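Engineer: Below is run.cif; it holds mmCIF, C-alpha atoms and all ligand atoms.
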```cif
data_my_file
loop_
_atom_site.label_atom_id
_atom_site.label_comp_id
_atom_site.auth_asym_id
_atom_site.auth_seq_id
_atom_site.Cartn_x
_atom_site.Cartn_y
_atom_site.Cartn_z
CA MET A 1 15.49 -16.93 -22.31
CA PRO A 2 11.89 -17.63 -23.26
CA GLU A 3 10.79 -16.50 -26.70
CA ARG A 4 7.57 -15.16 -25.21
CA TYR A 5 6.23 -14.49 -21.73
CA ARG A 6 2.91 -13.53 -20.18
CA LYS A 7 1.62 -10.27 -18.75
CA LEU A 8 -1.71 -8.83 -17.61
CA VAL A 9 -3.27 -5.96 -19.55
CA ILE A 10 -6.44 -3.93 -19.51
CA HIS A 11 -8.21 -4.78 -22.78
CA THR A 12 -11.42 -2.79 -22.12
CA LEU A 13 -12.30 -0.15 -19.55
CA THR A 14 -15.31 -1.85 -17.95
CA GLY A 15 -14.82 -0.40 -14.46
CA ASP A 16 -14.44 -3.90 -13.05
CA PHE A 17 -10.99 -5.49 -12.71
CA ARG A 18 -11.83 -9.04 -13.77
CA SER A 19 -13.76 -8.13 -16.92
CA SER A 20 -11.33 -5.34 -17.88
CA THR A 21 -8.21 -7.48 -17.86
CA CYS A 22 -6.74 -10.51 -19.60
CA VAL A 23 -3.42 -12.31 -19.87
CA VAL A 24 -1.55 -11.84 -23.14
CA GLU A 25 1.85 -12.89 -24.44
CA GLU A 26 4.70 -10.55 -25.20
CA PRO A 27 7.77 -11.43 -27.28
CA TRP A 28 11.11 -11.47 -25.47
CA ARG A 29 13.33 -8.46 -25.99
CA ASP A 30 16.97 -8.22 -24.90
CA PRO A 31 17.78 -5.33 -22.59
CA GLY A 32 19.32 -2.35 -24.37
CA PRO A 33 21.93 0.10 -23.03
CA GLY A 34 21.18 1.02 -19.41
CA GLU A 35 18.55 -1.72 -19.08
CA VAL A 36 18.19 -5.06 -17.33
CA ALA A 37 15.80 -7.97 -17.90
CA ILE A 38 14.16 -9.24 -14.72
CA ARG A 39 12.22 -12.39 -14.00
CA ASN A 40 9.46 -11.27 -11.62
CA HIS A 41 8.94 -13.62 -8.65
CA TYR A 42 6.24 -11.76 -6.71
CA ALA A 43 3.99 -8.82 -7.51
CA GLY A 44 2.19 -6.63 -4.99
CA CYS A 45 -1.55 -6.13 -5.25
CA ASN A 46 -2.79 -2.53 -5.13
CA ALA A 47 -6.44 -3.37 -5.64
CA ILE A 48 -7.84 0.14 -5.31
CA PHE A 49 -5.34 1.65 -7.71
CA ASP A 50 -5.84 -1.33 -10.06
CA LYS A 51 -9.60 -0.93 -10.07
CA ASN A 52 -9.30 2.81 -10.56
CA LEU A 53 -7.16 2.13 -13.63
CA CYS A 54 -9.98 -0.04 -15.00
CA ARG A 55 -12.26 3.01 -14.63
CA ASN A 56 -9.57 5.42 -15.89
CA THR A 57 -9.96 7.53 -12.76
CA ILE A 58 -6.30 7.88 -11.76
CA ARG A 59 -5.81 11.57 -12.36
CA TYR A 60 -2.20 11.36 -13.52
CA VAL A 61 -2.62 8.34 -15.86
CA ASP A 62 -4.55 8.22 -19.13
CA VAL A 63 -5.39 4.55 -19.72
CA LYS A 64 -5.57 3.55 -23.37
CA PRO A 65 -6.01 -0.24 -23.80
CA PRO A 66 -4.09 -2.43 -24.15
CA PHE A 67 -2.51 -1.14 -20.94
CA ASP A 68 0.12 -2.99 -18.88
CA MET A 69 -0.88 -3.59 -15.25
CA GLY A 70 0.80 -3.96 -11.88
CA ILE A 71 3.30 -1.76 -10.08
CA GLU A 72 5.72 -3.31 -7.61
CA SER A 73 7.56 -6.58 -8.00
CA VAL A 74 10.63 -8.41 -6.75
CA GLY A 75 12.62 -10.78 -8.90
CA GLU A 76 16.04 -11.66 -10.26
CA VAL A 77 18.10 -10.11 -13.01
CA VAL A 78 18.35 -12.56 -15.93
CA ALA A 79 20.16 -10.38 -18.49
CA VAL A 80 21.95 -7.03 -18.45
CA GLY A 81 22.35 -4.42 -21.18
CA PRO A 82 25.77 -3.78 -22.78
CA ASP A 83 26.87 -0.93 -20.52
CA VAL A 84 25.24 -1.91 -17.21
CA GLU A 85 27.74 -2.20 -14.37
CA SER A 86 25.55 -1.66 -11.31
CA LEU A 87 23.73 -5.02 -11.59
CA ARG A 88 24.65 -8.55 -12.56
CA VAL A 89 22.76 -11.62 -13.67
CA GLY A 90 21.44 -13.35 -10.54
CA ASP A 91 21.02 -10.17 -8.47
CA ALA A 92 17.74 -9.89 -6.55
CA VAL A 93 15.97 -6.61 -7.29
CA ALA A 94 12.82 -4.71 -6.41
CA THR A 95 11.11 -2.44 -8.91
CA SER A 96 8.16 -0.12 -8.57
CA ARG A 97 6.96 1.19 -11.93
CA LEU A 98 3.48 1.31 -13.35
CA GLY A 99 3.07 -1.53 -15.86
CA SER A 100 5.94 -3.66 -14.60
CA GLY A 101 4.30 -5.69 -11.82
CA TYR A 102 1.77 -8.18 -13.21
CA ARG A 103 4.06 -9.88 -15.71
CA GLU A 104 6.49 -12.79 -15.75
CA TYR A 105 9.44 -10.77 -17.07
CA GLN A 106 10.17 -7.09 -17.49
CA VAL A 107 12.87 -4.98 -19.11
CA ALA A 108 13.62 -2.03 -16.82
CA PRO A 109 16.11 0.81 -16.58
CA ALA A 110 18.91 -0.48 -14.33
CA ALA A 111 18.71 2.79 -12.41
CA ARG A 112 15.11 1.97 -11.41
CA ALA A 113 15.95 -1.52 -10.05
CA LEU A 114 16.91 -1.56 -6.37
CA ARG A 115 19.25 -4.39 -5.42
CA VAL A 116 17.86 -6.26 -2.40
CA ALA A 117 18.97 -9.24 -0.33
CA ALA A 118 16.42 -11.67 -1.79
CA PRO A 119 13.26 -11.57 -3.92
CA THR A 120 10.89 -12.30 -1.04
CA PRO A 121 7.25 -11.26 -0.46
CA GLU A 122 8.42 -9.42 2.67
CA ILE A 123 10.83 -7.19 0.75
CA LEU A 124 8.13 -6.70 -1.88
CA ALA A 125 5.78 -5.41 0.83
CA LEU A 126 8.34 -2.96 2.18
CA ILE A 127 8.71 -1.34 -1.25
CA PRO A 128 6.52 0.61 -1.86
CA SER A 129 3.81 0.03 0.85
CA GLY A 130 6.36 0.56 3.62
CA ILE A 131 7.71 3.62 1.82
CA SER A 132 4.21 5.13 1.60
CA ALA A 133 3.68 4.41 5.28
CA LEU A 134 6.97 6.01 6.31
CA VAL A 135 6.78 9.08 4.08
CA GLY A 136 3.12 9.69 4.90
CA LEU A 137 3.70 9.36 8.63
CA GLU A 138 6.96 11.29 8.95
CA LYS A 139 7.02 13.84 6.12
CA ILE A 140 3.32 14.57 5.71
CA GLY A 141 2.02 13.76 9.21
CA GLU A 142 5.24 15.01 10.85
CA ALA A 143 4.80 12.44 13.63
CA ARG A 144 6.97 13.18 16.64
CA PRO A 145 7.85 11.17 19.77
CA GLY A 146 4.99 11.36 22.27
CA ASP A 147 2.36 12.12 19.64
CA THR A 148 -0.99 10.36 19.72
CA VAL A 149 -1.39 8.75 16.30
CA ALA A 150 -4.56 7.10 14.97
CA VAL A 151 -4.34 4.76 11.98
CA SER A 152 -7.33 3.42 10.02
CA ALA A 153 -7.22 0.08 8.13
CA ALA A 154 -4.39 -0.53 10.58
CA ALA A 155 -4.12 -4.26 9.82
CA GLY A 156 -3.80 -3.64 6.07
CA GLY A 157 -0.85 -3.72 3.71
CA LEU A 158 -0.08 -0.06 4.29
CA GLY A 159 -1.60 0.37 7.75
CA HIS A 160 0.40 -2.34 9.52
CA PHE A 161 3.58 -0.48 8.61
CA VAL A 162 2.21 2.89 9.76
CA VAL A 163 1.36 1.39 13.15
CA GLN A 164 4.81 -0.08 13.69
CA LEU A 165 6.71 2.94 12.41
CA ALA A 166 4.71 5.19 14.72
CA LYS A 167 5.51 2.90 17.67
CA LEU A 168 9.20 2.92 16.72
CA ARG A 169 9.01 6.72 16.70
CA GLY A 170 7.79 6.72 20.28
CA CYS A 171 4.15 7.57 19.57
CA HIS A 172 1.01 6.37 21.33
CA VAL A 173 -0.82 4.43 18.60
CA ILE A 174 -4.53 3.82 18.13
CA GLY A 175 -5.13 1.08 15.54
CA ILE A 176 -8.55 1.01 13.90
CA THR A 177 -10.22 -1.74 11.92
CA GLY A 178 -13.74 -2.52 10.75
CA ASP A 179 -13.34 -6.23 11.41
CA ALA A 180 -13.12 -7.60 14.96
CA SER A 181 -11.16 -10.64 13.79
CA LYS A 182 -8.26 -8.31 12.95
CA LEU A 183 -7.97 -6.97 16.54
CA PRO A 184 -5.45 -9.66 17.65
CA LEU A 185 -3.16 -8.71 14.74
CA LEU A 186 -3.36 -5.05 15.76
CA ARG A 187 -2.35 -5.97 19.30
CA ALA A 188 0.51 -8.13 17.99
CA LEU A 189 1.73 -5.08 16.03
CA GLY A 190 1.95 -3.21 19.33
CA VAL A 191 -0.96 -0.77 19.22
CA ASP A 192 -1.78 0.90 22.53
CA ARG A 193 -5.51 0.87 21.78
CA ALA A 194 -7.25 -1.30 19.17
CA ILE A 195 -10.70 -0.23 18.00
CA ASP A 196 -13.19 -2.09 15.83
CA HIS A 197 -15.23 0.86 14.59
CA ARG A 198 -18.17 -1.38 13.76
CA SER A 199 -18.61 -2.60 17.33
CA GLU A 200 -17.35 0.48 19.22
CA ASP A 201 -18.36 4.08 18.55
CA LEU A 202 -15.14 5.66 17.28
CA ARG A 203 -16.20 9.20 18.16
CA GLU A 204 -17.22 8.17 21.64
CA VAL A 205 -13.95 6.30 22.31
CA LEU A 206 -11.85 9.21 21.03
CA ALA A 207 -13.78 11.76 23.08
CA ARG A 208 -13.65 9.70 26.27
CA GLU A 209 -10.12 8.29 26.10
CA TYR A 210 -8.35 10.99 24.09
CA PRO A 211 -9.85 14.33 25.16
CA ARG A 212 -6.68 16.20 24.08
CA GLY A 213 -7.24 14.91 20.56
CA LEU A 214 -5.11 13.30 17.87
CA ASP A 215 -1.77 14.76 16.91
CA VAL A 216 -1.69 12.67 13.78
CA ALA A 217 -4.47 10.74 12.04
CA TYR A 218 -3.36 8.56 9.13
CA ASP A 219 -6.51 7.73 7.19
CA SER A 220 -7.05 5.55 4.16
CA VAL A 221 -10.67 4.58 4.84
CA GLY A 222 -12.52 7.89 4.48
CA GLY A 223 -16.25 8.38 5.10
CA GLU A 224 -17.30 8.51 8.73
CA VAL A 225 -13.85 7.48 9.96
CA PHE A 226 -12.41 10.55 8.23
CA ASP A 227 -15.16 12.76 9.69
CA ALA A 228 -14.44 11.46 13.19
CA PHE A 229 -10.72 12.14 12.72
CA VAL A 230 -11.35 15.73 11.55
CA ASP A 231 -13.48 16.40 14.59
CA HIS A 232 -10.94 14.92 17.02
CA LEU A 233 -7.73 16.56 15.84
CA ALA A 234 -5.67 18.08 18.65
CA ILE A 235 -4.34 21.62 18.61
CA ARG A 236 -1.88 21.58 15.69
CA GLY A 237 -3.09 18.10 14.72
CA ARG A 238 -2.36 16.75 11.21
CA LEU A 239 -4.72 14.48 9.29
CA VAL A 240 -3.05 12.58 6.43
CA ILE A 241 -5.43 11.60 3.62
CA SER A 242 -3.81 8.47 2.21
CA GLY A 243 -6.89 7.07 0.48
CA HIS A 244 -10.62 6.57 0.90
CA THR A 245 -11.19 2.84 0.49
CA SER A 246 -14.72 2.90 1.89
CA ASP A 247 -16.16 4.95 -0.96
CA PHE A 248 -13.57 5.20 -3.73
CA ASP A 249 -15.83 3.49 -6.28
CA ARG A 250 -19.15 4.84 -5.06
CA GLU A 251 -20.91 7.90 -6.32
CA VAL A 252 -19.45 10.98 -4.66
CA GLU A 253 -21.36 11.61 -1.45
CA LEU A 254 -22.36 15.22 -0.86
CA VAL A 255 -22.33 16.00 2.84
CA ALA A 256 -23.66 19.13 4.48
CA GLN A 257 -21.26 20.25 7.19
CA PRO A 258 -19.74 23.49 8.41
CA ARG A 259 -16.95 24.59 6.07
CA ILE A 260 -13.76 22.81 7.11
CA TYR A 261 -11.98 26.01 8.19
CA ARG A 262 -14.54 26.27 10.98
CA LYS A 263 -13.17 23.00 12.33
CA LEU A 264 -9.46 23.51 11.68
CA TYR A 265 -8.71 27.21 12.15
CA TRP A 266 -9.22 27.53 15.89
CA LYS A 267 -7.15 24.41 16.47
CA SER A 268 -4.39 25.36 13.99
CA ALA A 269 -5.00 21.86 12.65
CA SER A 270 -4.54 20.72 9.06
CA VAL A 271 -5.75 18.10 6.62
CA ARG A 272 -3.04 17.03 4.19
CA GLY A 273 -3.49 15.00 1.01
CA PHE A 274 -0.78 12.41 0.39
CA GLN A 275 -0.10 10.61 -2.87
CA ASN A 276 3.28 8.88 -2.74
CA GLN A 277 4.16 9.63 -6.40
CA ALA A 278 4.35 13.34 -5.52
CA PHE A 279 7.23 12.73 -3.07
CA PRO A 280 9.90 10.72 -4.94
CA GLU A 281 12.72 12.60 -3.26
CA PHE A 282 12.12 10.65 -0.04
CA PHE A 283 11.93 7.13 -1.52
CA ASP A 284 15.57 6.00 -1.53
CA GLU A 285 16.31 6.92 2.06
CA ALA A 286 12.96 5.46 3.18
CA ALA A 287 13.68 2.18 1.36
CA GLN A 288 17.10 1.84 3.00
CA ARG A 289 15.71 2.55 6.46
CA LEU A 290 12.85 0.09 6.02
CA LEU A 291 15.11 -2.69 4.73
CA ALA A 292 17.49 -2.12 7.65
CA LEU A 293 14.68 -2.11 10.23
CA HIS A 294 13.34 -5.36 8.80
CA ALA A 295 16.78 -6.98 8.65
CA GLU A 296 17.34 -6.00 12.31
CA GLY A 297 14.04 -7.66 13.26
CA ARG A 298 12.47 -4.37 14.37
CA LEU A 299 9.80 -4.18 11.67
CA GLN A 300 7.41 -7.08 11.09
CA VAL A 301 6.05 -7.70 7.60
CA HIS A 302 2.66 -9.39 7.41
CA ILE A 303 1.71 -11.06 4.18
CA GLU A 304 -1.87 -12.08 3.55
CA PRO A 305 -1.83 -15.83 4.24
CA ARG A 306 -4.10 -16.79 1.35
CA PRO A 307 -1.85 -17.68 -1.59
CA PHE A 308 -2.50 -16.20 -5.04
CA VAL A 309 -0.47 -17.92 -7.71
CA GLY A 310 0.03 -16.85 -11.30
CA LEU A 311 -1.37 -14.05 -13.43
CA GLY A 312 -4.67 -15.92 -13.63
CA GLN A 313 -5.25 -15.27 -9.93
CA VAL A 314 -4.53 -11.53 -9.85
CA ALA A 315 -8.26 -10.80 -10.15
CA ASP A 316 -8.90 -13.11 -7.15
CA ALA A 317 -6.29 -11.15 -5.16
CA VAL A 318 -7.85 -7.82 -6.15
CA GLU A 319 -11.35 -8.97 -5.18
CA TRP A 320 -10.11 -10.45 -1.89
CA LEU A 321 -8.55 -7.13 -0.89
CA LEU A 322 -11.56 -5.10 -2.07
CA ALA A 323 -13.85 -7.29 0.04
CA GLY A 324 -11.87 -6.16 3.10
CA ARG A 325 -10.81 -9.73 3.84
CA SER A 326 -7.04 -9.39 3.73
CA ARG A 327 -4.55 -8.90 6.51
CA GLY A 328 -1.18 -7.38 5.73
CA LYS A 329 0.06 -7.08 2.17
CA VAL A 330 -1.63 -9.05 -0.60
CA VAL A 331 0.97 -10.66 -2.85
CA VAL A 332 0.75 -12.67 -6.08
CA SER A 333 3.39 -15.33 -6.69
CA LEU A 334 4.57 -15.45 -10.29
CA VAL A 335 6.96 -18.36 -9.90
CA GLU A 336 5.67 -21.09 -7.64
CA PRO A 337 3.26 -21.56 -4.75
CA ARG A 338 4.41 -19.57 -1.74
CA PRO A 339 4.54 -21.52 1.52
CA LEU A 340 1.66 -20.47 3.72
CA THR A 341 2.57 -17.88 6.34
CA PRO A 342 1.27 -19.01 9.73
CA PRO A 343 -1.86 -17.03 10.67
CA SER A 344 -0.73 -13.92 12.49
CA ALA A 345 -1.51 -13.66 16.17
N1 LIG A 401 -1.22 7.63 -0.31
C1 LIG A 401 -0.56 6.78 -1.05
O1 LIG A 401 0.40 7.13 -1.70
C2 LIG A 401 -1.01 5.37 -1.06
C3 LIG A 401 -0.17 4.32 -1.42
C4 LIG A 401 -0.65 3.03 -1.38
C5 LIG A 401 -1.96 2.80 -1.00
N2 LIG A 401 -2.75 3.85 -0.69
C6 LIG A 401 -4.12 3.68 -0.25
O2 LIG A 401 -4.04 3.12 1.04
C7 LIG A 401 -5.19 2.34 1.29
C8 LIG A 401 -4.77 0.96 1.75
O3 LIG A 401 -4.23 0.23 0.65
P1 LIG A 401 -3.75 -1.27 0.85
O4 LIG A 401 -3.41 -1.77 -0.49
O5 LIG A 401 -2.75 -1.32 1.94
O6 LIG A 401 -5.13 -1.96 1.29
P2 LIG A 401 -5.47 -2.63 2.69
O7 LIG A 401 -5.46 -1.60 3.75
O8 LIG A 401 -4.59 -3.82 2.87
O9 LIG A 401 -6.93 -3.17 2.44
C9 LIG A 401 -8.04 -2.32 2.47
C10 LIG A 401 -8.67 -2.28 3.89
O10 LIG A 401 -9.49 -1.14 3.97
C11 LIG A 401 -10.48 -1.36 4.95
N3 LIG A 401 -11.80 -0.94 4.48
C12 LIG A 401 -12.47 0.11 4.97
N4 LIG A 401 -13.64 0.27 4.38
C13 LIG A 401 -13.75 -0.69 3.48
C14 LIG A 401 -14.76 -1.03 2.55
N5 LIG A 401 -15.90 -0.35 2.43
N6 LIG A 401 -14.53 -2.09 1.75
C15 LIG A 401 -13.37 -2.79 1.82
N7 LIG A 401 -12.38 -2.51 2.71
C16 LIG A 401 -12.58 -1.46 3.52
C17 LIG A 401 -10.42 -2.85 5.30
O11 LIG A 401 -9.71 -2.93 6.53
P3 LIG A 401 -10.49 -3.04 7.93
O12 LIG A 401 -11.28 -4.32 7.84
O13 LIG A 401 -9.41 -3.09 8.92
O14 LIG A 401 -11.35 -1.83 8.06
C18 LIG A 401 -9.60 -3.44 4.19
O15 LIG A 401 -8.92 -4.61 4.59
C19 LIG A 401 -6.01 2.38 0.00
O16 LIG A 401 -7.00 3.37 0.11
C20 LIG A 401 -4.98 2.74 -1.05
O17 LIG A 401 -5.59 3.37 -2.15
C21 LIG A 401 -2.30 5.11 -0.69
#
```
Could I get this structure in the form of structure tokens?
Structural biologist:
Amino acid sequence: MPERYRKLVIHTLTGDFRSSTCVVEEPWRDPGPGEVAIRNHYAGCNAIFDKNLCRNTIRYVDVKPPFDMGIESVGEVVAVGPDVESLRVGDAVATSRLGSGYREYQVAPAARALRVAAPTPEILALIPSGISALVGLEKIGEARPGDTVAVSAAAGGLGHFVVQLAKLRGCHVIGITGDASKLPLLRALGVDRAIDHRSEDLREVLAREYPRGLDVAYDSVGGEVFDAFVDHLAIRGRLVISGHTSDFDREVELVAQPRIYRKLYWKSASVRGFQNQAFPEFFDEAAQRLLALHAEGRLQVHIEPRPFVGLGQVADAVEWLLAGRSRGKVVVSLVEPRPLTPPSA
């Protein structure tokens, strides 16, 4: 084992990811009872969460530098604690714990390491982005066969799973992007209607083509997309708030509108906040279903084709995602350059 390894920490809360973070070394520690040591191969980029940490605006985390960064990773077990029987050296595992992602090695409770077939970027993307997609769509949005489901940022790390899971559930799916170059990917994912909301008027399309309204709207963009969704919910429609990428780091916009009960009450519609960490009871079953769907070839995983290699490029990955340039899940390789995925569609 190495005597020391590298990890990414917040050293100062500047509000900006690059200037808040740096790579530091940590001394090796053997896993204790109930723990395993894992060599991380890939880490998932959650740019919005990461940047919010650098502003200390995640409501359930109090960031005090130095603060370990990164959430999900896949890797291999390199050492096991004295009493660990569930995992062995060489097992591929996925973990999803705050502070355990952007680092070369981690020591984790064995109970929090999910054994997987291989430490691939695809499996990394399924856990936890796929889990958030599935839980948000099924448990919060209560999507049912035949429902009309609209998904914003539909070509993104989270959105591309929501689209496919809704199609697998027998829904009619409207995939929305703000970038026309992502439309072919949306069609390849199987959407019934792809909309670039910067070149088509979202409200106008929804009113003309979907006069009955949306049974489920899965939104992570916010702003005017959210407003359009609220106004186009069907009777008993459910709007899932999964994020608000378009304005999460802007000053809070005050908008003058009728109180929301005026819009929802007569339609028996609802707007439902969704933060995955509030629904851990659904994770294990969701993970197993997602891994099985992927293994059966029924669920595509799209990884952003631009490679990001090493802890020194995490800030590049974060900025790439925040610029709206990515397609699919943004992944950082911590072991070696990842072969380029062919451009999707
Ligand atoms: N609810 C939960 O538990 C949960 C879990 C994970 C993530 N999230 C949230 O889900 C959302 C998606 O996360 P992700 O990591 O999968 O990201 P992502 O969707 O892969 O990337 C963000 C996308 O948002 C869209 N976007 C809209 N307005 C934008 C703007 N002003 N600037 C930049 N991009 C903009 C862009 O897609 P288009 O070009 O297609 O518009 C961009 O590619 C985030 O809001 C994140 O915080 C929520």
Engineer: One decimal, in Å: what's the spacing between atom CA of Lys167 of chain A and atom CA of Arg187 of chain A?
Structural biologist: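 Atom-to-atom, atom CA of Lys167 of chain A to atom CA of Arg187 of chain A, that is 12.0 Å.
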Engineer: Quick one: residues within 6 Å of Arg327 of chain A, all atoms listed in the file counted, chain neighbours fewer than 4 positions away excluded, as a PyMOL selection string?
Structural biologist: chain A and resi 155-156+304
Engineer: Considering all atoms listed in the file, can you say which of A:Val335, A:Ile10, A:Leu311, A:Val240 comes closest to Glu142 of chain A?
Structural biologist: A:Val240
Engineer: When the cut-off is 6 Å and you count only C-alpha atoms and all ligand atoms, which residues lie near ligand LIG 401 (chain A), shown as a PyMOL selection string?
Structural biologist: chain A and resi 46+48-49+129+132+153-159+177-179+220-221+242-246+274-276+321-326+328-329
Engineer: Which of these residues is nearest to Asp284 of chain A, using only C-alpha atoms: A:Leu206, A:Met69, A:Ala111, A:Ala150?
Structural biologist: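 Among the listed residues, A:Ala111 lies closest to Asp284 of chain A.
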Engineer: Rank nothing, just name the residue among A:Asp83, A:Asp231, A:Glu3, A:Glu35 nearest to Gly213 of chain A, using only C-alpha atoms.
Structural biologist: A:Asp231
Engineer: Which residue is closest to Gln106 of chain A? Choose from A:Ile195, A:Ala188, A:Leu233, A:Val80 and count all atoms listed in the file.
Structural biologist: A:Val80
Engineer: Between A:Ala79, A:Asp16, A:Arg193, A:Lys182, which one has atoms that come closest to Asp30 of chain A, using all atoms listed in the file?
Structural biologist: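 Of A:Ala79, A:Asp16, A:Arg193, A:Lys182, the one nearest Asp30 of chain A is A:Ala79, counting all atoms listed in the file.
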Engineer: Find the spatial neighbours of Ser333 of chain A, counting all atoms listed in the file, within a cut-off of 12 Å - ignore same-chain residues fewer than 6 positions away - and output them as a VMD selection string.
Structural biologist: chain A and resid 39 to 45 73 to 75 101 to 104 119 to 121 124 303 to 304 306 to 314 317 339 to 340
Engineer: Pick the closest to Ala234 of chain A from A:Leu189, A:Val149, A:Val93, A:Ile260: which is it, counting all atoms listed in the file?
Structural biologist: A:Val149
Engineer: For segment 278-281 of chain A, find every residue with an atom within 12 Å (counting all atoms listed in the file), except residues of its own chain fewer than 6 positions away, and show them as a PyMOL selection string.
Structural biologist: chain A and resi 60+96+128+131-132+134-136+139-140+287
